[in-house]
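K.L.:
Following this message is one structure expressed as structure tokens.
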There are 2 protein chains.
Amino acid sequence: MRKIINDPEMVVDESVQGFLKAHSGLVEASDNPRVLVSKNAAQPGRVGIVTGGGSGHKPAFIGYIGENMLDAVAVGEVFSSPPAQAFFDAIKSADSGNGVACLYGNYAGDKMNMKMAEKMAADAGIKVKSVIANDDAASAPADQPNKRRGVAGEIFMWKVAGAASAKGYNLEEVVSAAQKAIDNTRSVGVGLSSCTLPQLGHPNFDIEEGKMEFGIGHHGEPGIEITDLESAKIIAERMCSTVIEDLPFNSGDDVAVIVSGLGATPLQELYILFNEISGILELSEINIHTSLVGNYFTSLEMQGATFTIMRLDSEMKELLSFPARSPGLIVTGG
Amino acid sequence: MRKIINDPEMVVDESVQGFLKAHSGLVEASDNPRVLVSKNAAQPGRVGIVTGGGSGHKPAFIGYIGENMLDAVAVGEVFSSPPAQAFFDAIKSADSGNGVACLYGNYAGDKMNMKMAEKMAADAGIKVKSVIANDDAASAPADQPNKRRGVAGEIFMWKVAGAASAKGYNLEEVVSAAQKAIDNTRSVGVGLSSCTLPQLGHPNFDIEEGKMEFGIGHHGEPGIEITDLESAKIIAERMCSTVIEDLPFNSGDDVAVIVSGLGATPLQELYILFNEISGILELSEINIHTSLVGNYFTSLEMQGATFTIMRLDSEMKELLSFPARSPGLIVTGG
């Protein structure tokens, strides 16, 4: 195992401590060591924005806490859901009396625990509404959207919701904007290597050198197919056809795009992949309005990349370009 | 080779194309395909800020082009210096008649080519002054500073110089600020795995699993020692003692810190390492004023991390916190 860690059991706690020290201007600890809170959380008049999930995906999830982004995040063990109490504590931290939007990914553990937390919140008199992200087009057929996982599209969902809250949307309106964001978003991933959970000490699955797993999930969930490693051009074509046909995206659409590394793929390769993707979108007369290329939603030290694309109307454009500041994403007004 | 690329010979060109598409609001192409230029370059009254170097270190070098940062960058092949003509073209693009500060790393190829470019610039009537970064404390003994390599400390040097130029410093003053920045900066790296040059197709050196190379350079230059892989705590202690004793940094100093991944080390581990480093600095009564944790200066998909620390006076604090916007680093006014 090639990792810069101390005790494998302490990986999450110690990385959270380091994160808090590095970003003390934006994020603070709470009474629950597995709940981090924005210094801007629970502002009067604002709807709280909460998420949570397993660790190992940094900057997701805690890296999107900040100004006009997430207000509070429940932190799980590596690749494992936070407990209901952490979700509930995050909800409490984010509430200013205007209710809380819980915007998280479609994973069994997260769903079960968040639903319990929502019940606890309701009992405590906190208004809560949820959106469950399911942007991973490779994770189930189009006619089974409830079986699809949430991946990097969640970043757009959080960005949209944070801006909506800052602009004074009420809870129903924030949730409606977040739902619109994720409904118009599709993602797909490709893995070139596995990753090692610190507590396990060895990879929990394998991708042979020279092979790729198309459609792989953020925790190594099986993809659609394992093939020989293709060129960036072929990978881009396959990624584009998977997501474009799924929504479908059409000629004339304006879109936002994320090409994210899975943790161990150099930025150089992500730009090559983005170059191919943007060429294909241009040929399809789909206009890239906003693009993010980098490590935005990772899977420990997995090699590979994900492609996320979101169709934009004027509201989504306005909310995506609204200023925001978080460790993982800064949008400036200019 | 696990890489998302097309033709290995086209890696630099295609990644530059993708980069330009992704960051068209900040950076533009020039007549020389290996020179990228800030949309803010050559503003009247400003000193131009130029660097250049081999590819494979993204976001360095082109990722630091932007507002109040680098004005133009010469792009080399992977791990290989750009030609003199590219450096010269970058200098020309950055000059508004107020001269150009060339701020680059202490590598034989870069030095040779930049010196030729400076001569070409002088012949063309462009005022040029240089600072050669040598922050890597592990690359040569303290009494041989001219043999030390420049690494992630260059980011602080560029940030300081970009802000100085924006604040109206003249060429001598910009160069003096940049020199002060790098003179007060020390770095050290640790490698856990090798990396593969796309054109070679296999790693050009090896680090056995379970081992680490302390003091490794950004191109796999041999470090001080290969040992068993230590804990984050021990790595942090060794990194701190290497850099703290070298300047030396003293109790009461205010510092800026970068903990950068080398390309394939998850952010989670960088935060664990930063947590240990900040604990040690706190015990030494060295105050972290600014910190960056992430992939700021990489070596393809090498596993490992670098630690950079810069002593700050009031001028350096002001220049580091001056607003700037580039793909790799955004500093907001707030």
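Following the order of the structure tokens, chains are lettered A, B, ..., residues in each are numbered from 1, and ligands are numbered from 1.
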Counting only C-alpha atoms, a student should be able to say which residues of chain A come within 8 Å of chain B; what is the right answer, written as number ranges by chain?
P.N.:
A: 1-6, 11-12, 14-19, 21-22, 56, 58-59, 192-193, 209-210, 229-233, 263-276, 278, 291-293, 300-301, 303-304, 330
K.L.:
Excluding same-chain residues fewer than 3 positions from Val73 in chain A, what lies within 8 Å of it counting only C-alpha atoms, as an MDAnalysis selection string?
P.N.:
chainID A and resid 35:37 50:52 61:62 65 70 87 90
K.L.:
Output the selection as a PDB file, in the first residue's frame - all heavy atoms for each residue.
P.N.:
ATOM      1  N   VAL A  35     -19.326  16.082  11.409  1.00  0.00           N
ATOM      2  CA  VAL A  35     -20.149  17.083  10.726  1.00  0.00           C
ATOM      3  C   VAL A  35     -19.333  18.367  10.601  1.00  0.00           C
ATOM      4  O   VAL A  35     -18.888  18.921  11.604  1.00  0.00           O
ATOM      5  CB  VAL A  35     -21.456  17.369  11.493  1.00  0.00           C
ATOM      6  CG1 VAL A  35     -22.237  18.492  10.804  1.00  0.00           C
ATOM      7  CG2 VAL A  35     -22.312  16.106  11.573  1.00  0.00           C
ATOM      8  N   LEU A  36     -19.110  18.823   9.375  1.00  0.00           N
ATOM      9  CA  LEU A  36     -18.419  20.093   9.140  1.00  0.00           C
ATOM     10  C   LEU A  36     -19.429  21.121   8.635  1.00  0.00           C
ATOM     11  O   LEU A  36     -20.362  20.779   7.904  1.00  0.00           O
ATOM     12  CB  LEU A  36     -17.295  19.932   8.118  1.00  0.00           C
ATOM     13  CG  LEU A  36     -16.223  18.889   8.421  1.00  0.00           C
ATOM     14  CD1 LEU A  36     -15.011  19.102   7.516  1.00  0.00           C
ATOM     15  CD2 LEU A  36     -15.802  18.929   9.877  1.00  0.00           C
ATOM     16  N   VAL A  37     -19.193  22.359   9.025  1.00  0.00           N
ATOM     17  CA  VAL A  37     -20.198  23.398   8.805  1.00  0.00           C
ATOM     18  C   VAL A  37     -19.543  24.633   8.190  1.00  0.00           C
ATOM     19  O   VAL A  37     -18.433  25.021   8.575  1.00  0.00           O
ATOM     20  CB  VAL A  37     -20.868  23.768  10.152  1.00  0.00           C
ATOM     21  CG1 VAL A  37     -21.960  24.810   9.934  1.00  0.00           C
ATOM     22  CG2 VAL A  37     -21.452  22.524  10.821  1.00  0.00           C
ATOM     23  N   VAL A  50     -27.522  20.877   2.575  1.00  0.00           N
ATOM     24  CA  VAL A  50     -26.802  19.810   3.283  1.00  0.00           C
ATOM     25  C   VAL A  50     -26.555  18.636   2.348  1.00  0.00           C
ATOM     26  O   VAL A  50     -27.393  18.310   1.497  1.00  0.00           O
ATOM     27  CB  VAL A  50     -27.623  19.353   4.512  1.00  0.00           C
ATOM     28  CG1 VAL A  50     -27.168  17.995   5.020  1.00  0.00           C
ATOM     29  CG2 VAL A  50     -27.536  20.386   5.632  1.00  0.00           C
ATOM     30  N   THR A  51     -25.402  18.017   2.501  1.00  0.00           N
ATOM     31  CA  THR A  51     -25.188  16.719   1.887  1.00  0.00           C
ATOM     32  C   THR A  51     -24.360  15.855   2.836  1.00  0.00           C
ATOM     33  O   THR A  51     -24.085  16.249   3.976  1.00  0.00           O
ATOM     34  CB  THR A  51     -24.531  16.813   0.497  1.00  0.00           C
ATOM     35  OG1 THR A  51     -24.660  15.545  -0.166  1.00  0.00           O
ATOM     36  CG2 THR A  51     -23.054  17.153   0.572  1.00  0.00           C
ATOM     37  N   GLY A  52     -23.936  14.733   2.330  1.00  0.00           N
ATOM     38  CA  GLY A  52     -23.090  13.836   3.114  1.00  0.00           C
ATOM     39  C   GLY A  52     -22.819  12.601   2.300  1.00  0.00           C
ATOM     40  O   GLY A  52     -23.479  12.346   1.286  1.00  0.00           O
ATOM     41  N   PHE A  61     -16.926  15.393  -0.201  1.00  0.00           N
ATOM     42  CA  PHE A  61     -18.063  16.294  -0.186  1.00  0.00           C
ATOM     43  C   PHE A  61     -17.688  17.601   0.530  1.00  0.00           C
ATOM     44  O   PHE A  61     -18.175  18.659   0.192  1.00  0.00           O
ATOM     45  CB  PHE A  61     -19.246  15.630   0.542  1.00  0.00           C
ATOM     46  CG  PHE A  61     -19.694  14.361  -0.142  1.00  0.00           C
ATOM     47  CD1 PHE A  61     -19.078  13.145   0.097  1.00  0.00           C
ATOM     48  CD2 PHE A  61     -20.720  14.397  -1.081  1.00  0.00           C
ATOM     49  CE1 PHE A  61     -19.487  11.990  -0.560  1.00  0.00           C
ATOM     50  CE2 PHE A  61     -21.141  13.243  -1.730  1.00  0.00           C
ATOM     51  CZ  PHE A  61     -20.515  12.034  -1.462  1.00  0.00           C
ATOM     52  N   ILE A  62     -16.816  17.492   1.531  1.00  0.00           N
ATOM     53  CA  ILE A  62     -16.564  18.637   2.406  1.00  0.00           C
ATOM     54  C   ILE A  62     -15.912  19.810   1.674  1.00  0.00           C
ATOM     55  O   ILE A  62     -16.040  20.946   2.106  1.00  0.00           O
ATOM     56  CB  ILE A  62     -15.713  18.246   3.644  1.00  0.00           C
ATOM     57  CG1 ILE A  62     -14.390  17.575   3.246  1.00  0.00           C
ATOM     58  CG2 ILE A  62     -16.512  17.322   4.545  1.00  0.00           C
ATOM     59  CD1 ILE A  62     -13.492  17.243   4.443  1.00  0.00           C
ATOM     60  N   ILE A  65     -18.150  22.850   0.840  1.00  0.00           N
ATOM     61  CA  ILE A  65     -18.716  23.711   1.888  1.00  0.00           C
ATOM     62  C   ILE A  65     -18.164  25.122   1.693  1.00  0.00           C
ATOM     63  O   ILE A  65     -16.980  25.291   1.426  1.00  0.00           O
ATOM     64  CB  ILE A  65     -18.307  23.206   3.294  1.00  0.00           C
ATOM     65  CG1 ILE A  65     -18.859  21.800   3.556  1.00  0.00           C
ATOM     66  CG2 ILE A  65     -18.776  24.176   4.370  1.00  0.00           C
ATOM     67  CD1 ILE A  65     -18.359  21.180   4.867  1.00  0.00           C
ATOM     68  N   LEU A  70     -22.432  24.476  -0.113  1.00  0.00           N
ATOM     69  CA  LEU A  70     -22.974  23.645   0.958  1.00  0.00           C
ATOM     70  C   LEU A  70     -22.817  24.333   2.316  1.00  0.00           C
ATOM     71  O   LEU A  70     -21.786  24.958   2.596  1.00  0.00           O
ATOM     72  CB  LEU A  70     -22.247  22.300   0.991  1.00  0.00           C
ATOM     73  CG  LEU A  70     -22.408  21.422  -0.251  1.00  0.00           C
ATOM     74  CD1 LEU A  70     -21.461  20.218  -0.173  1.00  0.00           C
ATOM     75  CD2 LEU A  70     -23.859  20.949  -0.391  1.00  0.00           C
ATOM     76  N   PHE A  87     -26.100  12.976   9.682  1.00  0.00           N
ATOM     77  CA  PHE A  87     -26.968  13.704   8.743  1.00  0.00           C
ATOM     78  C   PHE A  87     -27.893  14.661   9.519  1.00  0.00           C
ATOM     79  O   PHE A  87     -28.081  15.813   9.129  1.00  0.00           O
ATOM     80  CB  PHE A  87     -27.811  12.729   7.908  1.00  0.00           C
ATOM     81  CG  PHE A  87     -27.092  12.119   6.727  1.00  0.00           C
ATOM     82  CD1 PHE A  87     -26.935  10.743   6.607  1.00  0.00           C
ATOM     83  CD2 PHE A  87     -26.597  12.917   5.703  1.00  0.00           C
ATOM     84  CE1 PHE A  87     -26.295  10.176   5.509  1.00  0.00           C
ATOM     85  CE2 PHE A  87     -25.958  12.363   4.598  1.00  0.00           C
ATOM     86  CZ  PHE A  87     -25.805  10.984   4.498  1.00  0.00           C
ATOM     87  N   ALA A  90     -26.026  17.620  10.799  1.00  0.00           N
ATOM     88  CA  ALA A  90     -25.735  18.531   9.686  1.00  0.00           C
ATOM     89  C   ALA A  90     -26.973  19.367   9.363  1.00  0.00           C
ATOM     90  O   ALA A  90     -26.889  20.587   9.164  1.00  0.00           O
ATOM     91  CB  ALA A  90     -25.289  17.737   8.457  1.00  0.00           C
TER      92      ALA A  90
END
K.L.:
If you run DSSP on the backbone, which residues of range 62-263 of chain A are helix (DSSP H, G or I), as a ChimeraX atom specification?
P.N.:
/A:62-64,84-94,108-123,145-147,153-166,171-183,232-246
K.L.:
Extract, using only C-alpha atoms, all DNA, RNA and protein residues at most 9 Å from Asn250 in chain A, discarding same-chain residues fewer than 6 positions from it, and format them as a count of residues only.
P.N.:
4
K.L.:
Kindly give the distance, in Å, that separates CA of Asp123 in chain A and CA of Ile91 in chain A, rounded to a single decimal.
P.N.:
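Interatomic distance, CA of Asp123 in chain A to CA of Ile91 in chain A: 12.5 Å.
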K.L.:
Can you pull out every residue within 6 Å of Asp95 in chain A, counting only C-alpha atoms, but drop anything in the same chain fewer than 4 positions away, and send it as a PyMOL selection string?
P.N.:
chain A and resi 42+48+99-100
K.L.:
Can you pull out every residue within 12 Å of Pro145 in chain A, counting only C-alpha atoms, but drop anything in the same chain fewer than 2 positions away, and send it as number ranges by chain?
P.N.:
A: 106, 132-143, 147-150, 182-183, 186, 246-247
K.L.:
For Lys317 in chain B, please output as a ChimeraX atom specification all residues within 9 Å (counting only C-alpha atoms; exclusion window: fewer than 2 positions along the same chain).
P.N.:
/B:160,254-256,289-290,312-315,319-322
K.L.:
Could you turn the residues from that selection into a file that holds N, CA and C atoms, as a PDB file, in the first residue's frame?
P.N.:
ATOM      1  N   VAL B 160       3.649  36.499  -5.920  1.00  0.00           N
ATOM      2  CA  VAL B 160       4.218  37.745  -5.398  1.00  0.00           C
ATOM      3  C   VAL B 160       4.522  38.711  -6.545  1.00  0.00           C
ATOM      4  N   ASP B 254       5.920  34.174  10.623  1.00  0.00           N
ATOM      5  CA  ASP B 254       4.682  33.912   9.882  1.00  0.00           C
ATOM      6  C   ASP B 254       5.062  33.281   8.554  1.00  0.00           C
ATOM      7  N   VAL B 255       4.321  32.274   8.144  1.00  0.00           N
ATOM      8  CA  VAL B 255       4.696  31.552   6.927  1.00  0.00           C
ATOM      9  C   VAL B 255       3.479  31.256   6.045  1.00  0.00           C
ATOM     10  N   ALA B 256       3.773  31.042   4.765  1.00  0.00           N
ATOM     11  CA  ALA B 256       2.807  30.466   3.828  1.00  0.00           C
ATOM     12  C   ALA B 256       3.290  29.058   3.505  1.00  0.00           C
ATOM     13  N   HIS B 289       0.096  31.501   7.966  1.00  0.00           N
ATOM     14  CA  HIS B 289      -0.713  32.662   7.570  1.00  0.00           C
ATOM     15  C   HIS B 289      -1.591  32.306   6.379  1.00  0.00           C
ATOM     16  N   THR B 290      -1.050  31.505   5.488  1.00  0.00           N
ATOM     17  CA  THR B 290      -1.738  31.084   4.267  1.00  0.00           C
ATOM     18  C   THR B 290      -1.356  29.635   4.005  1.00  0.00           C
ATOM     19  N   LEU B 312       7.222  35.046   5.731  1.00  0.00           N
ATOM     20  CA  LEU B 312       6.503  36.234   5.267  1.00  0.00           C
ATOM     21  C   LEU B 312       6.838  37.464   6.103  1.00  0.00           C
ATOM     22  N   ASP B 313       7.108  38.565   5.424  1.00  0.00           N
ATOM     23  CA  ASP B 313       7.078  39.863   6.094  1.00  0.00           C
ATOM     24  C   ASP B 313       5.793  40.565   5.637  1.00  0.00           C
ATOM     25  N   SER B 314       5.622  41.809   6.024  1.00  0.00           N
ATOM     26  CA  SER B 314       4.341  42.460   5.711  1.00  0.00           C
ATOM     27  C   SER B 314       4.176  42.626   4.198  1.00  0.00           C
ATOM     28  N   GLU B 315       5.283  42.882   3.481  1.00  0.00           N
ATOM     29  CA  GLU B 315       5.176  43.028   2.019  1.00  0.00           C
ATOM     30  C   GLU B 315       4.739  41.708   1.377  1.00  0.00           C
ATOM     31  N   LEU B 319       1.334  40.932  -0.791  1.00  0.00           N
ATOM     32  CA  LEU B 319       1.380  40.485  -2.189  1.00  0.00           C
ATOM     33  C   LEU B 319       0.739  39.102  -2.350  1.00  0.00           C
ATOM     34  N   LEU B 320       0.939  38.232  -1.382  1.00  0.00           N
ATOM     35  CA  LEU B 320       0.311  36.900  -1.483  1.00  0.00           C
ATOM     36  C   LEU B 320      -1.203  36.980  -1.390  1.00  0.00           C
ATOM     37  N   SER B 321      -1.702  37.921  -0.605  1.00  0.00           N
ATOM     38  CA  SER B 321      -3.160  37.972  -0.422  1.00  0.00           C
ATOM     39  C   SER B 321      -3.842  38.914  -1.408  1.00  0.00           C
ATOM     40  N   PHE B 322      -3.063  39.521  -2.280  1.00  0.00           N
ATOM     41  CA  PHE B 322      -3.625  40.385  -3.330  1.00  0.00           C
ATOM     42  C   PHE B 322      -4.475  39.521  -4.275  1.00  0.00           C
TER      43      PHE B 322
END
K.L.:
Determine the nearest neighbour of Gln199 in chain B from the options B:Ala122, B:Val78, B:Ala166, B:Ala29, counting only C-alpha atoms.
P.N.:
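Between B:Ala122, B:Val78, B:Ala166, B:Ala29, the residue approaching Gln199 in chain B most closely is B:Val78.
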K.L.:
Range 108-139 of chain B: which residues are strand (DSSP E) by DSSP, as a PyMOL selection string?
P.N.:
chain B and resi 128-133
K.L.:
Would you mind exporting N, CA, C and O atoms of the selected residues as a PDB file, in the first residue's frame?
P.N.:
ATOM      1  N   VAL B 128      14.764  42.995 -19.644  1.00  0.00           N
ATOM      2  CA  VAL B 128      14.459  41.705 -19.013  1.00  0.00           C
ATOM      3  C   VAL B 128      15.332  41.527 -17.782  1.00  0.00           C
ATOM      4  O   VAL B 128      16.533  41.837 -17.810  1.00  0.00           O
ATOM      5  N   LYS B 129      14.737  41.057 -16.710  1.00  0.00           N
ATOM      6  CA  LYS B 129      15.505  40.624 -15.548  1.00  0.00           C
ATOM      7  C   LYS B 129      14.964  39.276 -15.093  1.00  0.00           C
ATOM      8  O   LYS B 129      13.792  38.979 -15.304  1.00  0.00           O
ATOM      9  N   SER B 130      15.838  38.483 -14.471  1.00  0.00           N
ATOM     10  CA  SER B 130      15.446  37.111 -14.132  1.00  0.00           C
ATOM     11  C   SER B 130      15.614  36.807 -12.651  1.00  0.00           C
ATOM     12  O   SER B 130      16.455  37.395 -11.985  1.00  0.00           O
ATOM     13  N   VAL B 131      14.802  35.879 -12.204  1.00  0.00           N
ATOM     14  CA  VAL B 131      15.029  35.240 -10.909  1.00  0.00           C
ATOM     15  C   VAL B 131      14.967  33.736 -11.148  1.00  0.00           C
ATOM     16  O   VAL B 131      14.029  33.248 -11.798  1.00  0.00           O
ATOM     17  N   ILE B 132      15.965  33.033 -10.669  1.00  0.00           N
ATOM     18  CA  ILE B 132      16.022  31.583 -10.866  1.00  0.00           C
ATOM     19  C   ILE B 132      15.702  30.907  -9.539  1.00  0.00           C
ATOM     20  O   ILE B 132      16.450  31.032  -8.573  1.00  0.00           O
ATOM     21  N   ALA B 133      14.582  30.213  -9.517  1.00  0.00           N
ATOM     22  CA  ALA B 133      14.109  29.618  -8.264  1.00  0.00           C
ATOM     23  C   ALA B 133      14.939  28.408  -7.883  1.00  0.00           C
ATOM     24  O   ALA B 133      15.285  27.578  -8.742  1.00  0.00           O
TER      25      ALA B 133
END
K.L.:
Any idea what's packed within 8 Å of Phe205 in chain B, counting only C-alpha atoms, ignoring anything in its chain fewer than 4 positions away? Could you give it as a ChimeraX atom specification?
P.N.:
/B:194-195,220
K.L.:
Name the closest residue to Leu103 in chain A among the candidates A:Ala181, A:Met157, A:Ile258, A:Ala60; distances are taken between atoms, counting only C-alpha atoms.
P.N.:
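Residue with the minimum atom-to-atom distance to Leu103 in chain A: A:Met157.
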K.L.:
Give me, please, the distance in Å between CA of Phe88 in chain A and CA of Asn146 in chain A, quoted to one decimal.
P.N.:
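Pair CA of Phe88 in chain A / CA of Asn146 in chain A returns 23.6 Å.
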K.L.:
Rounded to one decimal place, report the CA of Gln179 in chain B-CA of Ser326 in chain B distance in Å.
P.N.:
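These two atoms are separated by 21.7 Å.
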